[in-house]
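Working notes, beginning with the structure itself.
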Amino acid sequence: MISVVMPVFNGEKFLKMAIESILNQTYTDFELVIINDGSTDKSAEIVKSYPDTRIHFLENDGNKGIFYTRNRLFDEAKGKYIAILDCDDYAEPTRLAKQVDFLDKNNEFGLVGSWITLIDEENTIKGAWQLEHRPERIPAKLLFFNQFAQSSIMMRKEFADLKYRENYPPTEDYDLWIRISQKTRVTNLAESLVKYRIHENNISQTQKETASRNILKIYKNQLEELGIYANQDELIIHKKIGNMDFEQNNTSFFEKVQHWLELLHSKNQEIEIYNKLVFNDLLGEYWAELLSKNIDLPISKKEFHNSVLSSYLNSTKKSSLSKAFRLRSFPFNSTVKPILNRWQSWKNRKK
């Protein structure tokens, strides 16, 4: 048996769709543990309307908050695997079957997520997240960006014992995935198994400033593992790198990002928290994007090739960028054309 856990707070609008997406799964050996966190709407009434004995309905003594409720769900779960689904999301019919099959066949993995489809309040598809599915790259990418959608997660019960930590709201899930990834292999299945609903009451929408502040704290924790004790400005640079949010043709910004990428490279070369080949390849991707956004800066071809980061560019990208820097280092209009003009003038005088 596995456990599906669902926290509920005033979720009446989408709760039926979420519950029925689990009850209609092709994999049927599960319990659905639902905790009502002091809802003031009809959420409790909706849950109680289902006679399915696989539903275990519990209620907090008042509104305890999402952090408390999620950890209580972990404690109440009895299955060998725990799957998460929030009360406004939707699980595709084969979601549980495919993730159970993966964990059954891959004992070295402790957690598996999936790609997700984004929907709005009217169930209209608004996009998709194709999250990193190559397990060898995920730990390094977690240094820069959350690689998992919470409602797509299934994990082995023992890793739920790590619990959410209350000092990272509303990004406590990101912190948890990182800590789990430090103890076991993790991955995403490369297909959409969950519909994730975007609406104005999402915690991610209502607590943006708090989330932004706590993401920097999560970066700081990981960077200290590398022996880097970052200040606030450096943490913001790090966040911009993870978001590929590169300013264009700004010399000061370019130099700061280059320095930071080279520092990350040197520290990981020393202690190898992340697989060197994978990490260097990732740094090469960020470096290529930074160069592409700053192609008009006065960086010489020599400076381009002297950076250790350039050695990690893929051959096609390196060739195209090298050509761009070569042309800029010897611009026709400022270097070649004046020489030709003087030669033509001398030639005319000789006539």
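Order determines the names: the first chain of the structure tokens is A, the second B, and so forth; residues in each chain are numbered 1 upward, and ligands are numbered 1 upward as they are shown.
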
When you look at region 292-309 of chain A with a cut-off of 12 Å (counting only C-alpha atoms), what residues show up, excluding the ones that are within fewer than 6 positions of it in the same chain? I need them as an MDAnalysis selection string. chainID A and resid 244:255 257:266 269 279:286 317:331

Can you tell me, as a ChimeraX atom specification, what residues are no more than 6 Å from region 54-65 of chain A when counting only C-alpha atoms, ignoring any on the same chain fewer than 3 positions away? /A:31-38,68

Could you write those residues out with all heavy atoms, as a tab-separated table (two decimals), in the first residue's frame?
```tsv
chain	number	residue	atom	x	y	z
A	31	GLU	N	-4.05	4.54	0.39
A	31	GLU	CA	-4.91	5.29	1.31
A	31	GLU	C	-4.76	6.77	0.93
A	31	GLU	O	-3.68	7.22	0.53
A	31	GLU	CB	-4.48	5.08	2.76
A	31	GLU	CG	-3.06	5.55	3.06
A	31	GLU	CD	-2.73	5.57	4.55
A	31	GLU	OE1	-3.59	5.22	5.38
A	31	GLU	OE2	-1.58	5.97	4.88
A	32	LEU	N	-5.85	7.50	1.01
A	32	LEU	CA	-5.84	8.94	0.77
A	32	LEU	C	-6.05	9.63	2.11
A	32	LEU	O	-7.14	9.59	2.69
A	32	LEU	CB	-6.94	9.34	-0.22
A	32	LEU	CG	-7.16	10.85	-0.44
A	32	LEU	CD1	-5.88	11.54	-0.87
A	32	LEU	CD2	-8.27	11.08	-1.47
A	33	VAL	N	-4.98	10.21	2.63
A	33	VAL	CA	-5.02	10.86	3.94
A	33	VAL	C	-5.24	12.35	3.72
A	33	VAL	O	-4.42	13.04	3.09
A	33	VAL	CB	-3.72	10.63	4.73
A	33	VAL	CG1	-3.87	11.21	6.14
A	33	VAL	CG2	-3.37	9.16	4.78
A	34	ILE	N	-6.36	12.86	4.21
A	34	ILE	CA	-6.73	14.27	4.05
A	34	ILE	C	-6.82	14.90	5.44
A	34	ILE	O	-7.48	14.36	6.34
A	34	ILE	CB	-8.08	14.42	3.33
A	34	ILE	CG1	-8.02	13.78	1.94
A	34	ILE	CG2	-8.46	15.90	3.22
A	34	ILE	CD1	-9.36	13.77	1.21
A	35	ILE	N	-6.15	16.03	5.62
A	35	ILE	CA	-6.25	16.78	6.87
A	35	ILE	C	-6.85	18.15	6.59
A	35	ILE	O	-6.34	18.91	5.77
A	35	ILE	CB	-4.89	16.93	7.57
A	35	ILE	CG1	-4.37	15.56	8.02
A	35	ILE	CG2	-5.01	17.87	8.77
A	35	ILE	CD1	-3.06	15.60	8.78
A	36	ASN	N	-7.95	18.43	7.26
A	36	ASN	CA	-8.61	19.72	7.16
A	36	ASN	C	-7.99	20.67	8.20
A	36	ASN	O	-8.06	20.43	9.40
A	36	ASN	CB	-10.11	19.57	7.42
A	36	ASN	CG	-10.84	20.89	7.34
A	36	ASN	OD1	-10.42	21.81	6.63
A	36	ASN	ND2	-11.94	21.01	8.07
A	37	ASP	N	-7.40	21.75	7.71
A	37	ASP	CA	-6.68	22.68	8.59
A	37	ASP	C	-7.56	23.87	8.96
A	37	ASP	O	-7.27	25.02	8.63
A	37	ASP	CB	-5.40	23.15	7.90
A	37	ASP	CG	-4.53	24.01	8.81
A	37	ASP	OD1	-4.56	23.79	10.04
A	37	ASP	OD2	-3.83	24.91	8.30
A	38	GLY	N	-8.66	23.57	9.64
A	38	GLY	CA	-9.52	24.64	10.14
A	38	GLY	C	-10.29	25.40	9.08
A	38	GLY	O	-10.52	26.61	9.22
A	68	TYR	N	2.69	22.85	9.59
A	68	TYR	CA	2.26	21.86	10.58
A	68	TYR	C	1.45	20.75	9.92
A	68	TYR	O	1.66	19.56	10.20
A	68	TYR	CB	1.41	22.56	11.65
A	68	TYR	CG	0.77	21.63	12.65
A	68	TYR	CD1	1.42	21.30	13.84
A	68	TYR	CD2	-0.49	21.06	12.40
A	68	TYR	CE1	0.83	20.43	14.76
A	68	TYR	CE2	-1.07	20.19	13.31
A	68	TYR	CZ	-0.42	19.88	14.48
A	68	TYR	OH	-1.00	19.02	15.38
```

Residue nearest Val47 (chain A) - candidates A:Arg134, A:Lys267, A:Lys16, A:Arg165, atoms counted: only C-alpha atoms: A:Lys16

Ala97 (chain A) surroundings by only C-alpha atoms, 9 Å radius, close-in-sequence under 4 positions cut, as an MDAnalysis selection string: chainID A and resid 25:28 93 101:102

Kindly export the residues of the current selection with C-alpha atoms, as a tab-separated table (two decimals), in the first residue's frame.
```tsv
chain	number	residue	atom	x	y	z
A	25	GLN	CA	-6.32	6.07	-10.41
A	26	THR	CA	-5.42	2.89	-12.29
A	27	TYR	CA	-3.32	1.92	-9.25
A	28	THR	CA	-5.79	1.17	-6.46
A	93	PRO	CA	-5.09	8.51	-14.01
A	101	ASP	CA	6.57	1.14	-10.85
A	102	PHE	CA	9.63	3.39	-11.05
```

Filtered DSSP result for region 28-221 of chain A, state alpha helix (DSSP H), as an MDAnalysis selection string: chainID A and resid 43:48 66:76 95:105 138:142 157:160 172:181 203:206 208:221

All residues 9 Å or closer to Asp29 (chain A), only C-alpha atoms, same chain fewer than 4 positions away omitted, as a PyMOL selection string: chain A and resi 1-3+54

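Close contacts of Lys42 (chain A), defined as residues with an atom at most 9 Å away when counting only C-alpha atoms, with chain neighbours fewer than 5 positions off set aside, comprise Asn10, Gly11, Glu12 and Val47 of chain A.
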
Option closest in space to Ile22 (chain A), from A:Asp52, A:Glu172, A:Glu76, A:Glu234 [counting only C-alpha atoms]: A:Asp52

So which residues of region 77-259 of chain A fall under strand (DSSP E or B) by DSSP, listed as an mmCIF file with all heavy atoms, in the first residue's frame?
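To be explicit, this is the file written out as result-v8.cif:
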```
data_model
loop_
_atom_site.group_PDB
_atom_site.id
_atom_site.type_symbol
_atom_site.label_atom_id
_atom_site.label_comp_id
_atom_site.auth_asym_id
_atom_site.auth_seq_id
_atom_site.Cartn_x
_atom_site.Cartn_y
_atom_site.Cartn_z
ATOM 1 N N TYR A 81 5.350 4.159 0.330
ATOM 2 C CA TYR A 81 5.639 5.358 -0.449
ATOM 3 C C TYR A 81 4.595 6.415 -0.085
ATOM 4 O O TYR A 81 3.447 6.098 0.221
ATOM 5 C CB TYR A 81 5.555 5.107 -1.957
ATOM 6 C CG TYR A 81 6.428 3.999 -2.493
ATOM 7 C CD1 TYR A 81 6.013 3.236 -3.584
ATOM 8 C CD2 TYR A 81 7.666 3.699 -1.932
ATOM 9 C CE1 TYR A 81 6.794 2.225 -4.110
ATOM 10 C CE2 TYR A 81 8.455 2.672 -2.438
ATOM 11 C CZ TYR A 81 8.016 1.935 -3.526
ATOM 12 O OH TYR A 81 8.796 0.930 -4.033
ATOM 13 N N ILE A 82 5.014 7.676 -0.144
ATOM 14 C CA ILE A 82 4.101 8.791 0.099
ATOM 15 C C ILE A 82 4.036 9.662 -1.145
ATOM 16 O O ILE A 82 5.073 10.137 -1.637
ATOM 17 C CB ILE A 82 4.548 9.641 1.299
ATOM 18 C CG1 ILE A 82 4.518 8.817 2.585
ATOM 19 C CG2 ILE A 82 3.669 10.886 1.440
ATOM 20 C CD1 ILE A 82 5.023 9.567 3.803
ATOM 21 N N ALA A 83 2.831 9.860 -1.671
ATOM 22 C CA ALA A 83 2.611 10.756 -2.807
ATOM 23 C C ALA A 83 1.889 12.004 -2.308
ATOM 24 O O ALA A 83 1.034 11.920 -1.426
ATOM 25 C CB ALA A 83 1.774 10.066 -3.886
ATOM 26 N N ILE A 84 2.237 13.138 -2.872
ATOM 27 C CA ILE A 84 1.641 14.420 -2.468
ATOM 28 C C ILE A 84 0.724 14.928 -3.572
ATOM 29 O O ILE A 84 1.067 14.880 -4.751
ATOM 30 C CB ILE A 84 2.738 15.465 -2.188
ATOM 31 C CG1 ILE A 84 3.678 14.982 -1.079
ATOM 32 C CG2 ILE A 84 2.127 16.814 -1.819
ATOM 33 C CD1 ILE A 84 4.918 15.844 -0.905
ATOM 34 N N TYR A 90 -4.562 18.220 -9.790
ATOM 35 C CA TYR A 90 -5.217 17.056 -10.407
ATOM 36 C C TYR A 90 -4.156 16.053 -10.828
ATOM 37 O O TYR A 90 -3.171 16.415 -11.485
ATOM 38 C CB TYR A 90 -6.022 17.522 -11.629
ATOM 39 C CG TYR A 90 -6.575 16.407 -12.493
ATOM 40 C CD1 TYR A 90 -7.832 15.866 -12.230
ATOM 41 C CD2 TYR A 90 -5.856 15.913 -13.578
ATOM 42 C CE1 TYR A 90 -8.348 14.847 -13.025
ATOM 43 C CE2 TYR A 90 -6.363 14.894 -14.377
ATOM 44 C CZ TYR A 90 -7.606 14.365 -14.102
ATOM 45 O OH TYR A 90 -8.108 13.361 -14.888
ATOM 46 N N ALA A 91 -4.344 14.792 -10.447
ATOM 47 C CA ALA A 91 -3.418 13.722 -10.828
ATOM 48 C C ALA A 91 -3.970 12.971 -12.032
ATOM 49 O O ALA A 91 -5.125 12.544 -12.029
ATOM 50 C CB ALA A 91 -3.216 12.757 -9.658
ATOM 51 N N PHE A 109 16.762 5.054 -5.886
ATOM 52 C CA PHE A 109 16.050 6.339 -5.905
ATOM 53 C C PHE A 109 15.093 6.419 -4.715
ATOM 54 O O PHE A 109 14.345 5.485 -4.445
ATOM 55 C CB PHE A 109 15.264 6.517 -7.203
ATOM 56 C CG PHE A 109 16.118 6.876 -8.383
ATOM 57 C CD1 PHE A 109 16.749 5.878 -9.127
ATOM 58 C CD2 PHE A 109 16.324 8.201 -8.736
ATOM 59 C CE1 PHE A 109 17.561 6.207 -10.209
ATOM 60 C CE2 PHE A 109 17.131 8.538 -9.814
ATOM 61 C CZ PHE A 109 17.755 7.540 -10.557
ATOM 62 N N GLY A 110 15.135 7.564 -4.038
ATOM 63 C CA GLY A 110 14.246 7.767 -2.895
ATOM 64 C C GLY A 110 13.096 8.694 -3.180
ATOM 65 O O GLY A 110 12.155 8.779 -2.383
ATOM 66 N N LEU A 111 13.149 9.387 -4.306
ATOM 67 C CA LEU A 111 12.113 10.371 -4.630
ATOM 68 C C LEU A 111 11.986 10.496 -6.142
ATOM 69 O O LEU A 111 12.991 10.511 -6.860
ATOM 70 C CB LEU A 111 12.467 11.726 -4.006
ATOM 71 C CG LEU A 111 11.540 12.922 -4.253
ATOM 72 C CD1 LEU A 111 11.576 13.875 -3.044
ATOM 73 C CD2 LEU A 111 11.916 13.699 -5.511
ATOM 74 N N VAL A 112 10.740 10.602 -6.611
ATOM 75 C CA VAL A 112 10.485 10.800 -8.033
ATOM 76 C C VAL A 112 9.328 11.786 -8.195
ATOM 77 O O VAL A 112 8.314 11.696 -7.506
ATOM 78 C CB VAL A 112 10.178 9.465 -8.758
ATOM 79 C CG1 VAL A 112 8.962 8.772 -8.152
ATOM 80 C CG2 VAL A 112 9.992 9.687 -10.253
ATOM 81 N N GLY A 113 9.528 12.759 -9.079
ATOM 82 C CA GLY A 113 8.464 13.691 -9.440
ATOM 83 C C GLY A 113 8.090 13.466 -10.894
ATOM 84 O O GLY A 113 8.306 12.396 -11.459
ATOM 85 N N SER A 114 7.552 14.492 -11.527
ATOM 86 C CA SER A 114 7.207 14.394 -12.943
ATOM 87 C C SER A 114 7.109 15.794 -13.527
ATOM 88 O O SER A 114 7.130 16.798 -12.804
ATOM 89 C CB SER A 114 5.872 13.669 -13.148
ATOM 90 O OG SER A 114 4.784 14.517 -12.809
ATOM 91 N N TRP A 115 6.997 15.869 -14.835
ATOM 92 C CA TRP A 115 6.642 17.123 -15.491
ATOM 93 C C TRP A 115 5.198 17.448 -15.121
ATOM 94 O O TRP A 115 4.435 16.569 -14.697
ATOM 95 C CB TRP A 115 6.775 16.994 -17.002
ATOM 96 C CG TRP A 115 8.195 16.857 -17.469
ATOM 97 C CD1 TRP A 115 9.318 16.943 -16.700
ATOM 98 C CD2 TRP A 115 8.644 16.595 -18.802
ATOM 99 N NE1 TRP A 115 10.446 16.756 -17.474
ATOM 100 C CE2 TRP A 115 10.054 16.539 -18.761
ATOM 101 C CE3 TRP A 115 7.994 16.400 -20.017
ATOM 102 C CZ2 TRP A 115 10.823 16.310 -19.914
ATOM 103 C CZ3 TRP A 115 8.750 16.165 -21.156
ATOM 104 C CH2 TRP A 115 10.148 16.127 -21.107
ATOM 105 N N ILE A 116 4.812 18.711 -15.280
ATOM 106 C CA ILE A 116 3.443 19.105 -14.942
ATOM 107 C C ILE A 116 2.850 20.000 -16.027
ATOM 108 O O ILE A 116 3.573 20.673 -16.758
ATOM 109 C CB ILE A 116 3.357 19.809 -13.579
ATOM 110 C CG1 ILE A 116 4.142 21.125 -13.606
ATOM 111 C CG2 ILE A 116 3.835 18.907 -12.458
ATOM 112 C CD1 ILE A 116 3.947 21.952 -12.345
ATOM 113 N N THR A 117 1.526 19.982 -16.089
ATOM 114 C CA THR A 117 0.770 20.874 -16.960
ATOM 115 C C THR A 117 0.154 21.967 -16.097
ATOM 116 O O THR A 117 -0.395 21.681 -15.031
ATOM 117 C CB THR A 117 -0.338 20.099 -17.701
ATOM 118 O OG1 THR A 117 0.257 19.048 -18.466
ATOM 119 C CG2 THR A 117 -1.124 21.018 -18.625
ATOM 120 N N LEU A 118 0.233 23.208 -16.543
ATOM 121 C CA LEU A 118 -0.321 24.337 -15.807
ATOM 122 C C LEU A 118 -1.749 24.612 -16.279
ATOM 123 O O LEU A 118 -2.004 24.679 -17.484
ATOM 124 C CB LEU A 118 0.544 25.581 -16.014
ATOM 125 C CG LEU A 118 2.030 25.445 -15.670
ATOM 126 C CD1 LEU A 118 2.770 26.727 -16.009
ATOM 127 C CD2 LEU A 118 2.229 25.087 -14.205
ATOM 128 N N ILE A 119 -2.662 24.765 -15.337
ATOM 129 C CA ILE A 119 -4.055 25.074 -15.675
ATOM 130 C C ILE A 119 -4.518 26.275 -14.836
ATOM 131 O O ILE A 119 -3.942 26.578 -13.791
ATOM 132 C CB ILE A 119 -4.995 23.877 -15.440
ATOM 133 C CG1 ILE A 119 -4.930 23.412 -13.982
ATOM 134 C CG2 ILE A 119 -4.674 22.744 -16.399
ATOM 135 C CD1 ILE A 119 -5.944 22.329 -13.627
ATOM 136 N N ILE A 125 -5.634 24.919 -20.106
ATOM 137 C CA ILE A 125 -4.183 24.705 -20.071
ATOM 138 C C ILE A 125 -3.466 26.006 -20.399
ATOM 139 O O ILE A 125 -3.735 26.656 -21.403
ATOM 140 C CB ILE A 125 -3.773 23.599 -21.061
ATOM 141 C CG1 ILE A 125 -4.345 22.249 -20.598
ATOM 142 C CG2 ILE A 125 -2.248 23.510 -21.184
ATOM 143 C CD1 ILE A 125 -4.099 21.105 -21.550
ATOM 144 N N LYS A 126 -2.537 26.386 -19.530
ATOM 145 C CA LYS A 126 -1.821 27.656 -19.681
ATOM 146 C C LYS A 126 -0.326 27.466 -19.962
ATOM 147 O O LYS A 126 0.393 28.447 -20.176
ATOM 148 C CB LYS A 126 -1.975 28.500 -18.407
ATOM 149 C CG LYS A 126 -3.415 28.707 -17.965
ATOM 150 C CD LYS A 126 -4.248 29.399 -19.030
ATOM 151 C CE LYS A 126 -3.876 30.864 -19.203
ATOM 152 N NZ LYS A 126 -4.775 31.557 -20.139
ATOM 153 N N GLY A 127 0.146 26.228 -19.949
ATOM 154 C CA GLY A 127 1.561 25.990 -20.201
ATOM 155 C C GLY A 127 2.006 24.679 -19.579
ATOM 156 O O GLY A 127 1.172 23.831 -19.227
ATOM 157 N N ALA A 128 3.315 24.527 -19.436
ATOM 158 C CA ALA A 128 3.866 23.289 -18.865
ATOM 159 C C ALA A 128 5.233 23.572 -18.263
ATOM 160 O O ALA A 128 5.911 24.521 -18.659
ATOM 161 C CB ALA A 128 3.972 22.207 -19.945
ATOM 162 N N TRP A 129 5.616 22.737 -17.302
ATOM 163 C CA TRP A 129 6.974 22.755 -16.766
ATOM 164 C C TRP A 129 7.614 21.419 -17.089
ATOM 165 O O TRP A 129 7.205 20.384 -16.587
ATOM 166 C CB TRP A 129 6.968 22.945 -15.254
ATOM 167 C CG TRP A 129 6.575 24.320 -14.794
ATOM 168 C CD1 TRP A 129 6.437 25.452 -15.547
ATOM 169 C CD2 TRP A 129 6.260 24.685 -13.445
ATOM 170 N NE1 TRP A 129 6.056 26.491 -14.764
ATOM 171 C CE2 TRP A 129 5.939 26.072 -13.466
ATOM 172 C CE3 TRP A 129 6.225 23.997 -12.238
ATOM 173 C CZ2 TRP A 129 5.585 26.770 -12.312
ATOM 174 C CZ3 TRP A 129 5.867 24.696 -11.090
ATOM 175 C CH2 TRP A 129 5.553 26.063 -11.131
ATOM 176 N N MET A 154 6.506 11.697 -5.299
ATOM 177 C CA MET A 154 6.318 10.456 -4.554
ATOM 178 C C MET A 154 7.678 10.085 -3.966
ATOM 179 O O MET A 154 8.683 10.122 -4.670
ATOM 180 C CB MET A 154 5.803 9.318 -5.443
ATOM 181 C CG MET A 154 5.552 8.013 -4.666
ATOM 182 S SD MET A 154 4.967 6.641 -5.723
ATOM 183 C CE MET A 154 3.286 7.175 -6.028
ATOM 184 N N MET A 155 7.699 9.751 -2.684
ATOM 185 C CA MET A 155 8.968 9.431 -2.009
ATOM 186 C C MET A 155 8.821 8.189 -1.143
ATOM 187 O O MET A 155 7.700 7.794 -0.775
ATOM 188 C CB MET A 155 9.420 10.606 -1.134
ATOM 189 C CG MET A 155 8.561 10.836 0.095
ATOM 190 S SD MET A 155 9.124 12.222 1.118
ATOM 191 C CE MET A 155 8.412 13.583 0.204
ATOM 192 N N ARG A 156 9.935 7.585 -0.835
ATOM 193 C CA ARG A 156 9.932 6.482 0.123
ATOM 194 C C ARG A 156 9.654 7.048 1.522
ATOM 195 O O ARG A 156 10.130 8.128 1.873
ATOM 196 C CB ARG A 156 11.270 5.744 0.086
ATOM 197 C CG ARG A 156 11.549 5.093 -1.263
ATOM 198 C CD ARG A 156 12.832 4.278 -1.286
ATOM 199 N NE ARG A 156 13.148 3.906 -2.658
ATOM 200 C CZ ARG A 156 12.615 2.864 -3.311
ATOM 201 N NH1 ARG A 156 11.773 2.076 -2.672
ATOM 202 N NH2 ARG A 156 12.949 2.613 -4.564
ATOM 203 N N ARG A 185 19.286 9.215 -4.529
ATOM 204 C CA ARG A 185 19.108 9.712 -5.889
ATOM 205 C C ARG A 185 17.657 10.162 -6.075
ATOM 206 O O ARG A 185 16.723 9.572 -5.507
ATOM 207 C CB ARG A 185 19.449 8.637 -6.921
ATOM 208 C CG ARG A 185 20.892 8.173 -6.886
ATOM 209 C CD ARG A 185 21.233 7.345 -8.114
ATOM 210 N NE ARG A 185 21.409 8.215 -9.291
ATOM 211 C CZ ARG A 185 21.487 7.763 -10.538
ATOM 212 N NH1 ARG A 185 21.355 6.471 -10.791
ATOM 213 N NH2 ARG A 185 21.661 8.609 -11.535
ATOM 214 N N VAL A 186 17.476 11.210 -6.862
ATOM 215 C CA VAL A 186 16.151 11.777 -7.115
ATOM 216 C C VAL A 186 16.014 12.060 -8.608
ATOM 217 O O VAL A 186 17.006 12.281 -9.299
ATOM 218 C CB VAL A 186 15.929 13.071 -6.304
ATOM 219 C CG1 VAL A 186 15.953 12.795 -4.811
ATOM 220 C CG2 VAL A 186 16.977 14.135 -6.658
ATOM 221 N N THR A 187 14.765 12.075 -9.093
ATOM 222 C CA THR A 187 14.563 12.347 -10.519
ATOM 223 C C THR A 187 13.116 12.764 -10.784
ATOM 224 O O THR A 187 12.269 12.722 -9.882
ATOM 225 C CB THR A 187 14.923 11.119 -11.374
ATOM 226 O OG1 THR A 187 15.010 11.517 -12.746
ATOM 227 C CG2 THR A 187 13.890 10.018 -11.235
ATOM 228 N N ASN A 188 12.849 13.167 -12.008
ATOM 229 C CA ASN A 188 11.499 13.407 -12.504
ATOM 230 C C ASN A 188 11.237 12.470 -13.680
ATOM 231 O O ASN A 188 12.142 12.246 -14.493
ATOM 232 C CB ASN A 188 11.340 14.851 -12.994
ATOM 233 C CG ASN A 188 11.219 15.850 -11.868
ATOM 234 O OD1 ASN A 188 10.317 15.760 -11.043
ATOM 235 N ND2 ASN A 188 12.136 16.816 -11.813
ATOM 236 N N LEU A 189 10.029 11.939 -13.784
ATOM 237 C CA LEU A 189 9.637 11.218 -14.985
ATOM 238 C C LEU A 189 9.359 12.240 -16.078
ATOM 239 O O LEU A 189 8.722 13.277 -15.833
ATOM 240 C CB LEU A 189 8.402 10.361 -14.724
ATOM 241 C CG LEU A 189 8.557 9.278 -13.651
ATOM 242 C CD1 LEU A 189 7.273 8.455 -13.555
ATOM 243 C CD2 LEU A 189 9.754 8.383 -13.926
ATOM 244 N N ALA A 190 9.825 11.948 -17.277
ATOM 245 C CA ALA A 190 9.744 12.914 -18.380
ATOM 246 C C ALA A 190 8.389 12.855 -19.085
ATOM 247 O O ALA A 190 8.295 12.647 -20.295
ATOM 248 C CB ALA A 190 10.881 12.670 -19.368
ATOM 249 N N GLU A 191 7.345 13.025 -18.306
ATOM 250 C CA GLU A 191 5.993 13.149 -18.845
ATOM 251 C C GLU A 191 5.129 13.847 -17.809
ATOM 252 O O GLU A 191 5.405 13.796 -16.602
ATOM 253 C CB GLU A 191 5.402 11.788 -19.195
ATOM 254 C CG GLU A 191 5.273 10.816 -18.032
ATOM 255 C CD GLU A 191 4.668 9.500 -18.456
ATOM 256 O OE1 GLU A 191 3.565 9.528 -19.055
ATOM 257 O OE2 GLU A 191 5.284 8.453 -18.204
ATOM 258 N N SER A 192 4.092 14.526 -18.272
ATOM 259 C CA SER A 192 3.220 15.257 -17.359
ATOM 260 C C SER A 192 2.233 14.307 -16.700
ATOM 261 O O SER A 192 1.396 13.706 -17.369
ATOM 262 C CB SER A 192 2.462 16.361 -18.110
ATOM 263 O OG SER A 192 1.602 17.046 -17.217
ATOM 264 N N LEU A 193 2.328 14.178 -15.377
ATOM 265 C CA LEU A 193 1.437 13.297 -14.624
ATOM 266 C C LEU A 193 0.520 14.069 -13.684
ATOM 267 O O LEU A 193 -0.301 13.470 -12.990
ATOM 268 C CB LEU A 193 2.262 12.285 -13.816
ATOM 269 C CG LEU A 193 3.104 11.300 -14.641
ATOM 270 C CD1 LEU A 193 3.908 10.390 -13.726
ATOM 271 C CD2 LEU A 193 2.236 10.491 -15.589
ATOM 272 N N VAL A 194 0.675 15.393 -13.657
ATOM 273 C CA VAL A 194 -0.114 16.226 -12.753
ATOM 274 C C VAL A 194 -0.502 17.523 -13.457
ATOM 275 O O VAL A 194 0.283 18.081 -14.231
ATOM 276 C CB VAL A 194 0.688 16.561 -11.468
ATOM 277 C CG1 VAL A 194 -0.008 17.640 -10.651
ATOM 278 C CG2 VAL A 194 0.885 15.312 -10.616
ATOM 279 N N LYS A 195 -1.712 17.981 -13.190
ATOM 280 C CA LYS A 195 -2.120 19.327 -13.602
ATOM 281 C C LYS A 195 -2.027 20.231 -12.371
ATOM 282 O O LYS A 195 -2.674 19.979 -11.347
ATOM 283 C CB LYS A 195 -3.545 19.321 -14.165
ATOM 284 C CG LYS A 195 -3.658 18.684 -15.544
ATOM 285 C CD LYS A 195 -5.062 18.863 -16.113
ATOM 286 C CE LYS A 195 -5.146 18.382 -17.559
ATOM 287 N NZ LYS A 195 -5.102 16.905 -17.646
ATOM 288 N N TYR A 196 -1.202 21.255 -12.479
ATOM 289 C CA TYR A 196 -0.951 22.183 -11.380
ATOM 290 C C TYR A 196 -1.724 23.467 -11.633
ATOM 291 O O TYR A 196 -1.566 24.095 -12.671
ATOM 292 C CB TYR A 196 0.558 22.470 -11.284
ATOM 293 C CG TYR A 196 0.938 23.494 -10.252
ATOM 294 C CD1 TYR A 196 1.129 23.128 -8.925
ATOM 295 C CD2 TYR A 196 1.117 24.835 -10.602
ATOM 296 C CE1 TYR A 196 1.485 24.069 -7.966
ATOM 297 C CE2 TYR A 196 1.475 25.779 -9.654
ATOM 298 C CZ TYR A 196 1.660 25.394 -8.340
ATOM 299 O OH TYR A 196 2.012 26.328 -7.398
ATOM 300 N N ARG A 197 -2.550 23.854 -10.664
ATOM 301 C CA ARG A 197 -3.445 24.978 -10.873
ATOM 302 C C ARG A 197 -2.817 26.300 -10.404
ATOM 303 O O ARG A 197 -2.321 26.405 -9.278
ATOM 304 C CB ARG A 197 -4.767 24.764 -10.130
ATOM 305 C CG ARG A 197 -5.875 25.710 -10.589
ATOM 306 C CD ARG A 197 -7.164 25.432 -9.826
ATOM 307 N NE ARG A 197 -7.594 24.046 -9.918
ATOM 308 C CZ ARG A 197 -8.289 23.545 -10.927
ATOM 309 N NH1 ARG A 197 -8.611 24.314 -11.959
ATOM 310 N NH2 ARG A 197 -8.656 22.273 -10.920
#
```

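Minimum atom-to-atom distance to Lys220 (chain A), evaluated using only C-alpha atoms, belongs to A:Leu143 out of A:Trp177, A:Thr69, A:Leu143, A:Leu15.
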
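We find CA of Asp233 (chain A) and CA of Leu290 (chain A) to be spaced 17.9 Å apart.
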
Could you check the closest approach to Asn167 (chain A) for each of A:Ile215, A:Val100, A:Ile241, A:Ala77 and tell me which residue wins, using only C-alpha atoms? A:Ile215
